[in-house]
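model-v8.txt, holding compact mmCIF, C-alpha atoms:
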```txt
# COMPACT_ATOMS: atom_id res chain seq x y z
CA GLU L 1 -5.09 13.56 18.11
CA ARG L 2 -7.82 12.48 15.72
CA GLY L 3 -5.35 10.52 13.58
CA SER L 4 -3.22 9.29 16.47
CA SER L 5 -2.58 5.55 16.46
CA TYR L 6 -4.40 5.16 13.14
CA ILE L 7 -2.79 3.23 10.30
CA GLU L 8 -3.84 0.88 7.49
CA VAL L 9 -2.25 -2.38 6.39
CA HIS L 10 -1.41 -3.02 2.74
CA HIS L 11 -0.72 -6.43 1.19
CA ILE L 12 2.50 -6.07 -0.82
CA LYS L 13 1.27 -8.75 -3.23
CA PRO L 14 -2.36 -7.93 -4.10
CA ILE L 15 -4.79 -10.52 -2.75
CA HIS L 16 -6.54 -10.83 -6.11
CA THR L 17 -3.32 -12.24 -7.62
CA TYR L 18 -3.29 -15.28 -5.32
CA ASP L 19 -4.18 -18.48 -7.19
CA GLU L 20 -5.39 -20.15 -4.02
CA GLU L 21 -5.69 -19.48 -0.32
CA GLN L 22 -2.30 -18.49 0.98
CA ALA L 23 -0.78 -17.95 4.39
CA VAL L 24 0.32 -14.36 4.97
CA ASP L 25 3.41 -13.55 7.00
CA PRO L 26 2.89 -10.05 8.41
CA ARG L 27 6.66 -9.46 8.60
CA ILE L 28 7.21 -9.83 4.86
CA ASP L 29 3.78 -9.70 3.18
CA LEU L 30 2.26 -6.60 4.81
CA VAL L 31 3.28 -2.99 5.20
CA THR L 32 1.65 -0.17 7.15
CA VAL L 33 0.68 2.98 5.28
CA CYS L 34 -1.43 6.04 5.98
CA SER L 35 -4.96 5.94 4.58
CA ASN L 36 -4.19 8.56 1.93
CA CYS L 37 -1.21 6.60 0.57
CA HIS L 38 -3.26 3.40 0.66
CA ARG L 39 -5.97 5.05 -1.44
CA MET L 40 -3.38 6.31 -3.93
CA ILE L 41 -1.84 2.83 -4.20
CA HIS L 42 -5.23 1.33 -5.15
CA ARG L 43 -6.70 4.29 -7.03
CA LYS L 44 -6.35 2.62 -10.45
CA PRO L 45 -7.23 -1.10 -10.14
CA ASN L 46 -5.30 -1.95 -13.31
CA ASP L 47 -2.25 0.01 -12.16
CA ILE L 48 -1.68 -0.68 -8.46
CA LEU L 49 1.37 1.20 -7.24
CA SER L 50 4.08 -0.20 -5.01
CA VAL L 51 4.99 1.45 -1.73
CA ASN L 52 8.25 2.48 -3.38
CA ASP L 53 6.27 4.19 -6.18
CA ILE L 54 4.46 6.28 -3.55
CA LYS L 55 7.75 7.14 -1.83
CA VAL L 56 9.22 8.37 -5.12
CA MET L 57 6.09 10.44 -5.83
CA LEU L 58 6.28 12.09 -2.41
CA GLN L 59 10.00 12.80 -2.82
CA GLU L 60 9.32 14.44 -6.18
CA ILE L 61 6.60 16.64 -4.67
CA SER L 62 8.83 17.67 -1.77
CA LYS L 63 11.49 18.89 -4.25
CA GLU L 64 9.05 21.38 -5.80
```
Write-out of the structure in structure tokens:
Amino acid sequence: ERGSSYIEVHHIKPIHTYDEEQAVDPRIDLVTVCSNCHRMIHRKPNDILSVNDIKVMLQEISKE
């Protein structure tokens, strides 16, 4: 129950890459992820992972 209805929102294109203020369309620019995945995505600021990268990592772990 503690984690019920809890999710984070990730910008697919990192905000710091925007040249100027930009409108964000939640349907195509944002994705929901758990907090742990969100932390892993941003863990290395110079090597931000994609959501697909995280999916592949999790699939690899589940094969072990």
Point to revise | Nearby residues (all atoms listed in the file) at most 12 Å from Arg39 in chain L, same-chain spacing under 5 positions excluded, as a list in words | key: Glu8, Val9, His10, Val33, Cys34, Lys44, Pro45, Ile48, Leu49, Ser50, Val51 and Ile54 of chain L
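Atom to atom, CA of His11 in chain L and CA of Ser35 in chain L stand 13.5 Å apart.
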Please tell me which residues are no farther than 12 Å from (5.7, -7.9, 7.2) in the file, counting all atoms listed in the file, and write them as a PDB file with C-alpha atoms, keeping the file's coordinate frame.
```
ATOM      1  CA  VAL L   9      -2.250  -2.380   6.390  1.00  0.00           C
ATOM      2  CA  HIS L  10      -1.410  -3.020   2.740  1.00  0.00           C
ATOM      3  CA  HIS L  11      -0.720  -6.430   1.190  1.00  0.00           C
ATOM      4  CA  ILE L  12       2.500  -6.070  -0.820  1.00  0.00           C
ATOM      5  CA  LYS L  13       1.270  -8.750  -3.230  1.00  0.00           C
ATOM      6  CA  VAL L  24       0.320 -14.360   4.970  1.00  0.00           C
ATOM      7  CA  ASP L  25       3.410 -13.550   7.000  1.00  0.00           C
ATOM      8  CA  PRO L  26       2.890 -10.050   8.410  1.00  0.00           C
ATOM      9  CA  ARG L  27       6.660  -9.460   8.600  1.00  0.00           C
ATOM     10  CA  ILE L  28       7.210  -9.830   4.860  1.00  0.00           C
ATOM     11  CA  ASP L  29       3.780  -9.700   3.180  1.00  0.00           C
ATOM     12  CA  LEU L  30       2.260  -6.600   4.810  1.00  0.00           C
ATOM     13  CA  VAL L  31       3.280  -2.990   5.200  1.00  0.00           C
ATOM     14  CA  THR L  32       1.650  -0.170   7.150  1.00  0.00           C
TER      15      THR L  32
END
```
**Study point:** Between CA of Tyr18 in chain L and CA of Ile41 in chain L, distance in Å (one decimal)
**Key:** 18.2 Å
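CA of Ser62 in chain L to CA of Asn36 in chain L spans 16.3 Å [interatomic distance, one decimal].
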